[in-house]
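For reference, data28.pdb is printed below; it contains PDB, C-alpha atoms (C1' of nucleotides).
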```pdb
ATOM      1  CA  MET A  11       4.154 -14.104  -5.706
ATOM      2  CA  LEU A  12       1.061 -15.994  -6.742
ATOM      3  CA  SER A  13       1.497 -19.734  -7.286
ATOM      4  CA  LYS A  14       1.343 -21.241 -10.773
ATOM      5  CA  LYS A  15      -1.962 -22.723  -9.727
ATOM      6  CA  THR A  16      -3.502 -19.307  -9.206
ATOM      7  CA  GLN A  17      -1.875 -17.878 -12.312
ATOM      8  CA  TYR A  18      -3.262 -20.733 -14.398
ATOM      9  CA  ALA A  19      -6.665 -20.238 -12.813
ATOM     10  CA  PHE A  20      -6.741 -16.600 -13.872
ATOM     11  CA  HIS A  21      -5.816 -17.416 -17.443
ATOM     12  CA  ALA A  22      -8.398 -20.186 -17.586
ATOM     13  CA  LEU A  23     -11.087 -17.899 -16.179
ATOM     14  CA  ILE A  24     -10.164 -15.248 -18.720
ATOM     15  CA  HIS A  25     -10.618 -17.753 -21.507
ATOM     16  CA  LEU A  26     -13.981 -18.820 -20.131
ATOM     17  CA  ALA A  27     -15.104 -15.216 -19.762
ATOM     18  CA  GLU A  28     -14.059 -14.384 -23.296
ATOM     19  CA  ASN A  29     -16.147 -17.273 -24.573
ATOM     20  CA  VAL A  30     -19.269 -17.063 -22.391
ATOM     21  CA  ASP A  31     -21.507 -17.126 -25.427
ATOM     22  CA  LYS A  32     -20.103 -20.433 -26.702
ATOM     23  CA  GLY A  33     -21.516 -22.721 -24.027
ATOM     24  CA  PRO A  34     -19.350 -25.188 -22.079
ATOM     25  CA  ILE A  35     -15.644 -25.043 -22.924
ATOM     26  CA  LEU A  36     -13.366 -28.091 -22.931
ATOM     27  CA  ILE A  37     -10.517 -28.371 -20.425
ATOM     28  CA  SER A  38      -8.351 -29.463 -23.325
ATOM     29  CA  GLU A  39      -9.171 -26.310 -25.284
ATOM     30  CA  ILE A  40      -8.177 -24.068 -22.378
ATOM     31  CA  ALA A  41      -5.026 -26.084 -21.748
ATOM     32  CA  GLN A  42      -3.943 -25.786 -25.353
ATOM     33  CA  GLU A  43      -4.903 -22.153 -25.767
ATOM     34  CA  LYS A  44      -3.167 -21.069 -22.564
ATOM     35  CA  ASN A  45      -0.256 -23.479 -22.639
ATOM     36  CA  ILE A  46      -1.070 -25.264 -19.389
ATOM     37  CA  SER A  47      -0.596 -28.939 -18.452
ATOM     38  CA  ILE A  48      -4.030 -30.473 -19.009
ATOM     39  CA  LYS A  49      -3.943 -32.724 -15.950
ATOM     40  CA  PHE A  50      -2.883 -29.915 -13.652
ATOM     41  CA  LEU A  51      -5.568 -27.664 -15.087
ATOM     42  CA  GLU A  52      -8.140 -30.393 -14.494
ATOM     43  CA  ASN A  53      -7.520 -30.202 -10.750
ATOM     44  CA  ILE A  54      -7.671 -26.444 -10.720
ATOM     45  CA  LEU A  55     -10.964 -26.225 -12.579
ATOM     46  CA  LEU A  56     -12.440 -28.838 -10.285
ATOM     47  CA  GLU A  57     -11.442 -26.768  -7.276
ATOM     48  CA  LEU A  58     -13.054 -23.699  -8.819
ATOM     49  CA  LYS A  59     -16.169 -25.743  -9.447
ATOM     50  CA  ASN A  60     -16.333 -27.036  -5.879
ATOM     51  CA  ALA A  61     -16.071 -23.436  -4.722
ATOM     52  CA  GLY A  62     -19.118 -22.523  -6.797
ATOM     53  CA  ILE A  63     -17.246 -20.324  -9.234
ATOM     54  CA  LEU A  64     -17.539 -22.659 -12.191
ATOM     55  CA  GLY A  65     -20.189 -25.072 -13.369
ATOM     56  CA  SER A  66     -19.619 -28.091 -15.584
ATOM     57  CA  LYS A  67     -21.341 -30.490 -17.900
ATOM     58  CA  LYS A  68     -20.162 -34.026 -18.584
ATOM     59  CA  GLY A  69     -20.213 -36.022 -21.805
ATOM     60  CA  LYS A  70     -20.323 -34.861 -25.385
ATOM     61  CA  GLY A  71     -20.870 -31.154 -25.672
ATOM     62  CA  GLY A  72     -19.688 -30.824 -22.082
ATOM     63  CA  GLY A  73     -17.090 -28.595 -20.504
ATOM     64  CA  TYR A  74     -16.786 -25.779 -17.982
ATOM     65  CA  TYR A  75     -18.574 -22.452 -17.743
ATOM     66  CA  LEU A  76     -18.809 -19.503 -15.352
ATOM     67  CA  MET A  77     -21.572 -19.602 -12.765
ATOM     68  CA  ARG A  78     -21.850 -15.800 -12.660
ATOM     69  CA  PRO A  79     -21.140 -12.897 -14.981
ATOM     70  CA  PRO A  80     -17.445 -11.918 -15.075
ATOM     71  CA  LYS A  81     -18.096  -8.576 -13.396
ATOM     72  CA  GLU A  82     -19.285 -10.389 -10.252
ATOM     73  CA  ILE A  83     -16.144 -12.462  -9.741
ATOM     74  CA  ALA A  84     -13.595 -10.525  -7.668
ATOM     75  CA  LEU A  85      -9.911 -11.331  -8.094
ATOM     76  CA  ALA A  86      -9.415 -11.511  -4.327
ATOM     77  CA  LYS A  87     -11.786 -14.454  -4.127
ATOM     78  CA  ILE A  88      -9.747 -16.518  -6.577
ATOM     79  CA  ILE A  89      -6.465 -15.721  -4.846
ATOM     80  CA  ARG A  90      -7.789 -16.583  -1.397
ATOM     81  CA  LEU A  91      -9.267 -19.822  -2.639
ATOM     82  CA  LEU A  92      -6.136 -21.157  -4.337
ATOM     83  CA  ASP A  93      -3.275 -19.326  -2.669
ATOM     84  CA  GLY A  94      -4.530 -18.436   0.773
ATOM     85  CA  PRO A  95      -3.789 -15.111   2.444
ATOM     86  CA  ILE A  96      -3.316 -11.911   0.486
ATOM     87  CA  ALA A  97      -1.639 -10.146   3.417
ATOM     88  CA  LEU A  98       2.146 -10.247   3.761
ATOM     89  CA  LEU A  99       2.040 -11.383   7.377
ATOM     90  CA  PRO A 100      -0.206 -13.856   9.209
ATOM     91  CA  CYS A 101      -0.843 -11.287  11.941
ATOM     92  CA  VAL A 102      -2.441  -8.808   9.521
ATOM     93  CA  SER A 103      -4.489 -11.308   7.532
ATOM     94  CA  LEU A 104      -8.247 -10.817   7.673
ATOM     95  CA  ASN A 105      -9.121 -14.337   6.567
ATOM     96  CA  TYR A 106      -6.161 -16.379   7.805
ATOM     97  CA  TYR A 107      -5.110 -14.527  10.950
ATOM     98  CA  GLU A 108      -2.446 -15.987  13.226
ATOM     99  CA  ARG A 109      -0.909 -14.318  16.226
ATOM    100  CA  CYS A 110       2.638 -13.000  15.782
ATOM    101  CA  GLU A 111       5.114 -15.090  17.747
ATOM    102  CA  ASN A 112       7.978 -12.640  17.525
ATOM    103  CA  CYS A 113       6.528  -9.486  18.966
ATOM    104  CA  LYS A 114       5.085  -8.847  22.365
ATOM    105  CA  ASP A 115       2.149  -6.640  21.547
ATOM    106  CA  GLU A 116       0.560  -6.306  18.137
ATOM    107  CA  ALA A 117      -1.230  -3.165  19.238
ATOM    108  CA  VAL A 118       2.027  -1.211  19.410
ATOM    109  CA  CYS A 119       3.960  -3.115  16.713
ATOM    110  CA  GLY A 120       4.909  -0.727  13.918
ATOM    111  CA  LEU A 121       5.427  -3.576  11.474
ATOM    112  CA  HIS A 122       1.867  -4.678  12.064
ATOM    113  CA  GLU A 123       0.661  -1.172  11.316
ATOM    114  CA  VAL A 124       2.545  -0.738   8.040
ATOM    115  CA  MET A 125       1.688  -4.212   6.794
ATOM    116  CA  SER A 126      -1.978  -3.545   7.508
ATOM    117  CA  LYS A 127      -1.759  -0.585   5.187
ATOM    118  CA  VAL A 128      -0.128  -2.665   2.467
ATOM    119  CA  ARG A 129      -2.891  -5.222   2.848
ATOM    120  CA  ASP A 130      -5.569  -2.530   2.595
ATOM    121  CA  ALA A 131      -3.988  -1.017  -0.497
ATOM    122  CA  SER A 132      -3.854  -4.412  -2.214
ATOM    123  CA  LEU A 133      -7.352  -5.374  -1.164
ATOM    124  CA  LYS A 134      -8.820  -2.119  -2.391
ATOM    125  CA  LEU A 135      -7.816  -3.239  -5.868
ATOM    126  CA  LEU A 136      -8.230  -6.992  -5.620
ATOM    127  CA  GLU A 137     -11.673  -6.852  -4.013
ATOM    128  CA  ASN A 138     -12.982  -4.342  -6.507
ATOM    129  CA  LYS A 139     -11.413  -5.557  -9.706
ATOM    130  CA  THR A 140     -13.207  -8.489 -11.275
ATOM    131  CA  LEU A 141     -12.769 -11.000 -14.057
ATOM    132  CA  LYS A 142     -14.322  -8.439 -16.366
ATOM    133  CA  ASP A 143     -11.457  -6.046 -15.632
ATOM    134  CA  ILE A 144      -8.760  -8.490 -16.670
ATOM    135  CA  LEU A 145     -10.109  -9.501 -20.049
ATOM    136  CA  THR A 146      -7.916  -8.820 -23.027
ATOM    137  CA  ARG A 147      -8.376  -5.211 -24.034
ATOM    138  CA  GLY A 148      -9.873  -4.627 -27.431
ATOM    139  CA  MET A 149     -12.102  -7.690 -27.369
TER     140      MET A 149
ATOM    141  CA  MET I  28       3.091 -14.053   2.409
ATOM    142  CA  LEU I  29       6.568 -13.157   3.476
ATOM    143  CA  SER I  30       8.820 -16.084   4.433
ATOM    144  CA  LYS I  31       9.813 -16.666   8.048
ATOM    145  CA  LYS I  32      13.277 -15.558   7.028
ATOM    146  CA  THR I  33      12.051 -12.114   6.072
ATOM    147  CA  GLN I  34       9.766 -11.880   9.073
ATOM    148  CA  TYR I  35      12.653 -12.738  11.393
ATOM    149  CA  ALA I  36      14.849 -10.223   9.601
ATOM    150  CA  PHE I  37      12.346  -7.455  10.265
ATOM    151  CA  HIS I  38      12.097  -8.284  13.946
ATOM    152  CA  ALA I  39      15.867  -8.484  14.270
ATOM    153  CA  LEU I  40      16.292  -5.140  12.513
ATOM    154  CA  ILE I  41      13.695  -3.598  14.792
ATOM    155  CA  HIS I  42      15.646  -4.786  17.812
ATOM    156  CA  LEU I  43      18.878  -3.391  16.393
ATOM    157  CA  ALA I  44      17.211  -0.080  15.599
ATOM    158  CA  GLU I  45      15.747   0.188  19.077
ATOM    159  CA  ASN I  46      19.206  -0.300  20.535
ATOM    160  CA  VAL I  47      21.405   1.742  18.196
ATOM    161  CA  ASP I  48      22.973   3.568  21.126
ATOM    162  CA  LYS I  49      24.168   0.376  22.797
ATOM    163  CA  GLY I  50      26.910  -0.605  20.345
ATOM    164  CA  PRO I  51      27.087  -4.084  18.758
ATOM    165  CA  ILE I  52      24.250  -6.417  19.759
ATOM    166  CA  LEU I  53      24.678 -10.175  20.192
ATOM    167  CA  ILE I  54      22.896 -12.598  17.876
ATOM    168  CA  SER I  55      21.959 -14.556  20.969
ATOM    169  CA  GLU I  56      20.334 -11.507  22.539
ATOM    170  CA  ILE I  57      18.175 -10.900  19.465
ATOM    171  CA  ALA I  58      17.295 -14.579  19.189
ATOM    172  CA  GLN I  59      16.157 -14.713  22.783
ATOM    173  CA  GLU I  60      14.348 -11.398  22.765
ATOM    174  CA  LYS I  61      12.453 -12.166  19.554
ATOM    175  CA  ASN I  62      11.991 -15.891  20.005
ATOM    176  CA  ILE I  63      13.950 -16.946  16.944
ATOM    177  CA  SER I  64      16.195 -20.002  16.426
ATOM    178  CA  ILE I  65      19.702 -18.691  16.977
ATOM    179  CA  LYS I  66      21.339 -20.695  14.197
ATOM    180  CA  PHE I  67      18.728 -19.682  11.660
ATOM    181  CA  LEU I  68      19.052 -16.076  12.720
ATOM    182  CA  GLU I  69      22.818 -16.305  12.311
ATOM    183  CA  ASN I  70      22.408 -17.017   8.593
ATOM    184  CA  ILE I  71      19.920 -14.218   8.155
ATOM    185  CA  LEU I  72      22.081 -11.593   9.828
ATOM    186  CA  LEU I  73      25.039 -12.703   7.761
ATOM    187  CA  GLU I  74      23.015 -12.219   4.595
ATOM    188  CA  LEU I  75      22.004  -8.747   5.736
ATOM    189  CA  LYS I  76      25.635  -8.018   6.427
ATOM    190  CA  ASN I  77      26.776  -9.208   3.002
ATOM    191  CA  ALA I  78      24.164  -6.932   1.483
ATOM    192  CA  GLY I  79      25.664  -3.969   3.319
ATOM    193  CA  ILE I  80      22.694  -3.405   5.586
ATOM    194  CA  LEU I  81      24.392  -4.565   8.766
ATOM    195  CA  GLY I  82      27.937  -4.329  10.060
ATOM    196  CA  SER I  83      29.510  -6.654  12.595
ATOM    197  CA  LYS I  84      32.335  -6.979  15.036
ATOM    198  CA  LYS I  85      33.899 -10.283  16.019
ATOM    199  CA  GLY I  86      35.217 -11.455  19.362
ATOM    200  CA  LYS I  87      34.443 -10.197  22.836
ATOM    201  CA  GLY I  88      32.251  -7.116  22.815
ATOM    202  CA  GLY I  89      31.242  -7.961  19.261
ATOM    203  CA  GLY I  90      27.845  -8.247  17.629
ATOM    204  CA  TYR I  91      25.770  -6.705  14.884
ATOM    205  CA  TYR I  92      24.780  -3.111  14.206
ATOM    206  CA  LEU I  93      23.007  -1.080  11.515
ATOM    207  CA  MET I  94      25.190   0.475   8.825
ATOM    208  CA  ARG I  95      22.781   3.372   8.302
ATOM    209  CA  PRO I  96      20.189   5.237  10.334
ATOM    210  CA  PRO I  97      16.833   3.402  10.505
ATOM    211  CA  LYS I  98      15.075   6.064   8.449
ATOM    212  CA  GLU I  99      17.303   5.240   5.464
ATOM    213  CA  ILE I 100      16.481   1.542   5.313
ATOM    214  CA  ALA I 101      13.390   0.951   3.171
ATOM    215  CA  LEU I 102      11.250  -2.113   3.844
ATOM    216  CA  ALA I 103      11.176  -2.980   0.157
ATOM    217  CA  LYS I 104      14.918  -3.493   0.153
ATOM    218  CA  ILE I 105      14.763  -6.113   2.897
ATOM    219  CA  ILE I 106      11.917  -7.985   1.236
ATOM    220  CA  ARG I 107      13.608  -8.062  -2.158
ATOM    221  CA  LEU I 108      16.858  -9.237  -0.649
ATOM    222  CA  LEU I 109      15.436 -12.158   1.308
ATOM    223  CA  ASP I 110      12.179 -12.974  -0.414
ATOM    224  CA  GLY I 111      12.629 -11.823  -3.968
ATOM    225  CA  PRO I 112       9.874 -10.152  -5.970
ATOM    226  CA  ILE I 113       7.230  -7.979  -4.344
ATOM    227  CA  ALA I 114       4.935  -8.169  -7.366
ATOM    228  CA  LEU I 115       2.282 -10.881  -7.513
ATOM    229  CA  LEU I 116       3.294 -12.008 -11.003
ATOM    230  CA  PRO I 117       6.710 -12.429 -12.659
ATOM    231  CA  CYS I 118       5.507 -10.454 -15.670
ATOM    232  CA  VAL I 119       4.862  -7.325 -13.596
ATOM    233  CA  SER I 120       7.972  -7.474 -11.444
ATOM    234  CA  LEU I 121      10.355  -4.551 -11.790
ATOM    235  CA  ASN I 122      13.370  -6.356 -10.362
ATOM    236  CA  TYR I 123      12.677  -9.979 -11.250
ATOM    237  CA  TYR I 124      10.795  -9.731 -14.520
ATOM    238  CA  GLU I 125       9.982 -12.850 -16.539
ATOM    239  CA  ARG I 126       7.842 -13.020 -19.610
ATOM    240  CA  CYS I 127       4.360 -14.484 -19.156
ATOM    241  CA  GLU I 128       4.081 -17.907 -20.785
ATOM    242  CA  ASN I 129       0.328 -18.099 -20.694
ATOM    243  CA  CYS I 130      -0.739 -14.997 -22.526
ATOM    244  CA  LYS I 131       0.010 -13.901 -26.049
ATOM    245  CA  ASP I 132       0.580 -10.206 -25.595
ATOM    246  CA  GLU I 133       1.344  -8.508 -22.310
ATOM    247  CA  ALA I 134       0.532  -5.135 -23.809
ATOM    248  CA  VAL I 135      -3.168  -6.009 -24.044
ATOM    249  CA  CYS I 136      -3.381  -8.406 -21.084
ATOM    250  CA  GLY I 137      -5.822  -7.050 -18.536
ATOM    251  CA  LEU I 138      -4.340  -9.192 -15.777
ATOM    252  CA  HIS I 139      -0.992  -7.590 -16.389
ATOM    253  CA  GLU I 140      -2.572  -4.150 -16.059
ATOM    254  CA  VAL I 141      -4.378  -4.801 -12.790
ATOM    255  CA  MET I 142      -1.410  -6.565 -11.216
ATOM    256  CA  SER I 143       0.810  -3.637 -12.136
ATOM    257  CA  LYS I 144      -1.498  -1.423 -10.138
ATOM    258  CA  VAL I 145      -1.350  -3.751  -7.153
ATOM    259  CA  ARG I 146       2.435  -3.721  -7.368
ATOM    260  CA  ASP I 147       2.498   0.080  -7.512
ATOM    261  CA  ALA I 148       0.181   0.399  -4.540
ATOM    262  CA  SER I 149       2.340  -1.942  -2.461
ATOM    263  CA  LEU I 150       5.593  -0.329  -3.547
ATOM    264  CA  LYS I 151       4.354   3.123  -2.740
ATOM    265  CA  LEU I 152       4.255   2.021   0.869
ATOM    266  CA  LEU I 153       7.163  -0.411   1.009
ATOM    267  CA  GLU I 154       9.612   1.888  -0.753
ATOM    268  CA  ASN I 155       8.719   4.863   1.409
ATOM    269  CA  LYS I 156       8.294   3.236   4.775
ATOM    270  CA  THR I 157      11.547   2.536   6.568
ATOM    271  CA  LEU I 158      12.850   0.738   9.607
ATOM    272  CA  LYS I 159      12.107   3.880  11.557
ATOM    273  CA  ASP I 160       8.424   3.556  10.703
ATOM    274  CA  ILE I 161       8.109   0.054  12.108
ATOM    275  CA  LEU I 162       9.646   0.621  15.501
ATOM    276  CA  THR I 163       7.471  -0.077  18.486
ATOM    277  CA  ARG I 164       5.286   2.940  19.079
ATOM    278  CA  GLY I 165       5.807   4.736  22.316
ATOM    279  CA  MET I 166       9.545   4.104  22.437
TER     280      MET I 166
ATOM    281  C1'  DT N   6     -28.217 -50.325 -25.336
ATOM    282  C1'  DT N   7     -23.711 -49.580 -26.583
ATOM    283  C1'  DA N   8     -19.827 -46.644 -27.715
ATOM    284  C1'  DT N   9     -17.879 -42.397 -27.075
ATOM    285  C1'  DT N  10     -16.986 -38.251 -24.886
ATOM    286  C1'  DA N  11     -15.675 -35.543 -21.151
ATOM    287  C1'  DG N  12     -15.596 -34.318 -16.418
ATOM    288  C1'  DT N  13     -14.577 -36.610 -11.360
ATOM    289  C1'  DC N  14     -11.921 -38.451  -7.898
ATOM    290  C1'  DT N  15      -8.012 -40.051  -5.424
ATOM    291  C1'  DA N  16      -3.561 -41.244  -5.142
ATOM    292  C1'  DT N  17       1.099 -40.716  -5.986
ATOM    293  C1'  DC N  18       5.358 -38.808  -7.393
ATOM    294  C1'  DT N  19       8.991 -35.451  -8.263
ATOM    295  C1'  DT N  20      11.133 -31.243  -7.591
ATOM    296  C1'  DT N  21      11.886 -27.110  -5.318
ATOM    297  C1'  DT N  22      11.748 -24.172  -1.494
ATOM    298  C1'  DT N  23      11.679 -23.356   3.198
ATOM    299  C1'  DT N  24      13.171 -23.944   7.664
ATOM    300  C1'  DA N  25      16.468 -25.448  10.627
ATOM    301  C1'  DT N  26      20.761 -27.533  12.531
ATOM    302  C1'  DA N  27      25.648 -28.960  13.025
ATOM    303  C1'  DG N  28      30.309 -28.152  13.579
ATOM    304  C1'  DG N  29      34.501 -26.301  12.588
ATOM    305  C1'  DT N  30      37.131 -21.573  11.548
ATOM    306  C1'  DT N  31      38.566 -16.913  12.244
ATOM    307  C1'  DT N  32      38.916 -12.676  14.678
ATOM    308  C1'  DT N  33      39.337  -9.789  18.739
ATOM    309  C1'  DA N  34      39.551  -8.226  23.604
ATOM    310  C1'  DT N  35      41.549  -9.099  27.877
TER     311       DT N  35
ATOM    312  C1'  DA X  20      46.717 -17.876  25.993
ATOM    313  C1'  DT X  21      41.980 -17.932  26.590
ATOM    314  C1'  DA X  22      37.391 -16.989  25.888
ATOM    315  C1'  DA X  23      33.948 -14.768  23.320
ATOM    316  C1'  DA X  24      31.552 -14.077  19.285
ATOM    317  C1'  DA X  25      30.884 -13.758  14.454
ATOM    318  C1'  DC X  26      31.944 -16.519   9.967
ATOM    319  C1'  DC X  27      31.328 -20.165   6.790
ATOM    320  C1'  DT X  28      29.864 -24.391   4.602
ATOM    321  C1'  DA X  29      27.415 -28.257   4.419
ATOM    322  C1'  DT X  30      23.588 -30.904   5.148
ATOM    323  C1'  DA X  31      19.183 -32.501   6.612
ATOM    324  C1'  DA X  32      14.346 -32.491   7.452
ATOM    325  C1'  DA X  33       9.908 -30.877   6.373
ATOM    326  C1'  DA X  34       6.648 -28.691   3.686
ATOM    327  C1'  DA X  35       4.799 -26.944  -0.443
ATOM    328  C1'  DA X  36       4.449 -26.668  -5.336
ATOM    329  C1'  DG X  37       3.921 -28.655  -9.555
ATOM    330  C1'  DA X  38       2.683 -32.352 -12.251
ATOM    331  C1'  DT X  39       0.926 -37.006 -13.657
ATOM    332  C1'  DA X  40      -1.707 -41.519 -13.680
ATOM    333  C1'  DG X  41      -5.569 -44.197 -14.058
ATOM    334  C1'  DA X  42      -9.870 -45.883 -12.880
ATOM    335  C1'  DC X  43     -14.734 -44.097 -12.323
ATOM    336  C1'  DT X  44     -19.122 -41.695 -13.489
ATOM    337  C1'  DA X  45     -22.377 -39.238 -16.204
ATOM    338  C1'  DA X  46     -24.203 -37.580 -20.510
ATOM    339  C1'  DT X  47     -24.985 -37.944 -25.269
ATOM    340  C1'  DA X  48     -25.651 -39.869 -29.776
ATOM    341  C1'  DA X  49     -26.025 -43.597 -32.839
TER     342       DA X  49
END
```

Can you turn what I pasted into structure tokens?
Amino acid sequence: MLSKKTQYAFHALIHLAENVDKGPILISEIAQEKNISIKFLENILLELKNAGILGSKKGKGGGYYLMRPPKEIALAKIIRLLDGPIALLPCVSLNYYERCENCKDEAVCGLHEVMSKVRDASLKLLENKTLKDILTRGM
Amino acid sequence: MLSKKTQYAFHALIHLAENVDKGPILISEIAQEKNISIKFLENILLELKNAGILGSKKGKGGGYYLMRPPKEIALAKIIRLLDGPIALLPCVSLNYYERCENCKDEAVCGLHEVMSKVRDASLKLLENKTLKDILTRGM
DNA sequence: TTATTAGTCTATCTTTTTTATAGGTTTTAT
DNA sequence: ATAAAACCTATAAAAAAGATAGACTAATAA
């Protein structure tokens, strides 16, 4: 399961994407609209900013905004940033690989093989689906 | 990511499946063979037994054994038992559903839609692949 | 130039989950 | 009877998740 952090991030990004034309959006507005603790959300948005996904403006009229169009922000990127690996096992992770300590040879491990397929199936969706694809339908 | 508990369970089940013809297998043998803490493994095997996946025999000549042939034990069942939901979000989980508290209407939530697809793609593999499919190749 | 607004930064705290261990109890074969 | 091996319950230690606090900095407007 994705952490609350990542779930909140998705909802916040959705709100930002649905309001791209309105300039910078307040943290407090997102928090209220999406029912998220404002202080927790603050940290999350900052992390997204430091990763280059969001930009921000301080002072009156300030807030957060997307650095790229929604269709260029893949869901996999957000998950990896805030939650780490998408794979179910460390030994099949592309970005956070760790050797399996319970099997003797990954090359002939059937678990490794099946979990690689699960990873590929998930990635096929998460790498190709973007913020644009998760906006509220009918808006 | 799957918890260590689930990872250990898979490796233990693989060992049991690869030795079905040898009668009950000792916890200590599995622990040693797979490099798992014996006491931790004890709890895991007990849980698998209480779920009807394993059987056991006490006393001398005792140990654990599979209750069904490896090809009848789906990977999804093990994961759900020890790790809970396979879905990435509570609101798209088939077995552990919880309403989303951050969006107003799941029916039009694009995140819900994409995550349902990810769940389906993973389940297609995890429900159909069994213990038999994860045995060490070439054995 | 001062007051206000709003993001930035760092630290801490609480709770929950995960991982692991300890030690006694029961069952069974010999 | 004895030894072997699973059973059971409790607890502890560590890590991660979730949340909060408060001082700081930058931008804007009056």

Query raised in the report: Between CA of Lys87 (chain I) and CA of Gln59 (chain I), what is the distance, to one decimal in Å?
Result: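 Here the two named atoms are 18.8 Å from each other.
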
Query - At most 9 Å to chain X: residues in chain I, only C-alpha atoms (C1' of nucleotides), as a ChimeraX atom specification - result: /I:53-54,69,73,83-91

Per-residue nearest contacts chain N to chain I, cut-off 7 Å, using all atoms listed in the file, as a tab-separated table:
```
residue	atom	partner	partner_atom	distance
N:DA25	C1'	I:Phe67	CA	6.3
N:DT32	C1'	I:Lys85	CA	5.7
N:DT33	C1'	I:Gly86	CA	4.5
N:DA34	C1'	I:Lys87	CA	5.5
```

Query raised in the report: How many Å separate CA of Lys114 (chain A) from CA of Leu162 (chain I)?
Result: 12.6 Å

Query raised in the report: So how many Å separate CA of Glu99 (chain I) and CA of Cys113 (chain A), to one decimal?
Result: 22.7 Å

Query - Distance filter 8 Å, only C-alpha atoms, chain I against chain A, as a count of residues only - result: 37

Edge lengths and centre in Å to one decimal, as JSON, is what I'm after for the box along x, y and z that holds all listed atoms of region 81-93 of chain I once 3 Å is added on each side.
```
{"center_x": 29.1, "center_y": -6.3, "center_z": 15.8, "size_x": 18.2, "size_y": 16.4, "size_z": 20.1}
```

Requested in this report: For Thr33 (chain I), list every protein, DNA or RNA residue within 9 Å, evaluated using all atoms listed in the file, and leave out those in the same chain fewer than 6 positions away; present the list as a PyMOL selection string.
Outcome: chain I and resi 71+105-106+108-110

Query - Selection result of the PyMOL selection byres ((chain A and resi 58) around 10) on this file, as a list in words - result: Ala19, Leu23, Asn53, Ile54, Leu55, Leu56, Glu57, Lys59, Asn60, Ala61, Gly62, Ile63, Leu64, Gly65, Leu76, Ile88, Leu91 and Leu92 of chain A

C-alpha atoms of the current selection, written as a short mmCIF file (atom, residue, chain, number, x, y, z; two decimals), keeping the file's coordinate frame:
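Saved result, part11.cif, follows:
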```cif
data_model
loop_
_atom_site.label_atom_id
_atom_site.label_comp_id
_atom_site.auth_asym_id
_atom_site.auth_seq_id
_atom_site.Cartn_x
_atom_site.Cartn_y
_atom_site.Cartn_z
CA ALA A 19 -6.66 -20.24 -12.81
CA LEU A 23 -11.09 -17.90 -16.18
CA ASN A 53 -7.52 -30.20 -10.75
CA ILE A 54 -7.67 -26.44 -10.72
CA LEU A 55 -10.96 -26.22 -12.58
CA LEU A 56 -12.44 -28.84 -10.28
CA GLU A 57 -11.44 -26.77 -7.28
CA LYS A 59 -16.17 -25.74 -9.45
CA ASN A 60 -16.33 -27.04 -5.88
CA ALA A 61 -16.07 -23.44 -4.72
CA GLY A 62 -19.12 -22.52 -6.80
CA ILE A 63 -17.25 -20.32 -9.23
CA LEU A 64 -17.54 -22.66 -12.19
CA GLY A 65 -20.19 -25.07 -13.37
CA LEU A 76 -18.81 -19.50 -15.35
CA ILE A 88 -9.75 -16.52 -6.58
CA LEU A 91 -9.27 -19.82 -2.64
CA LEU A 92 -6.14 -21.16 -4.34
#
```
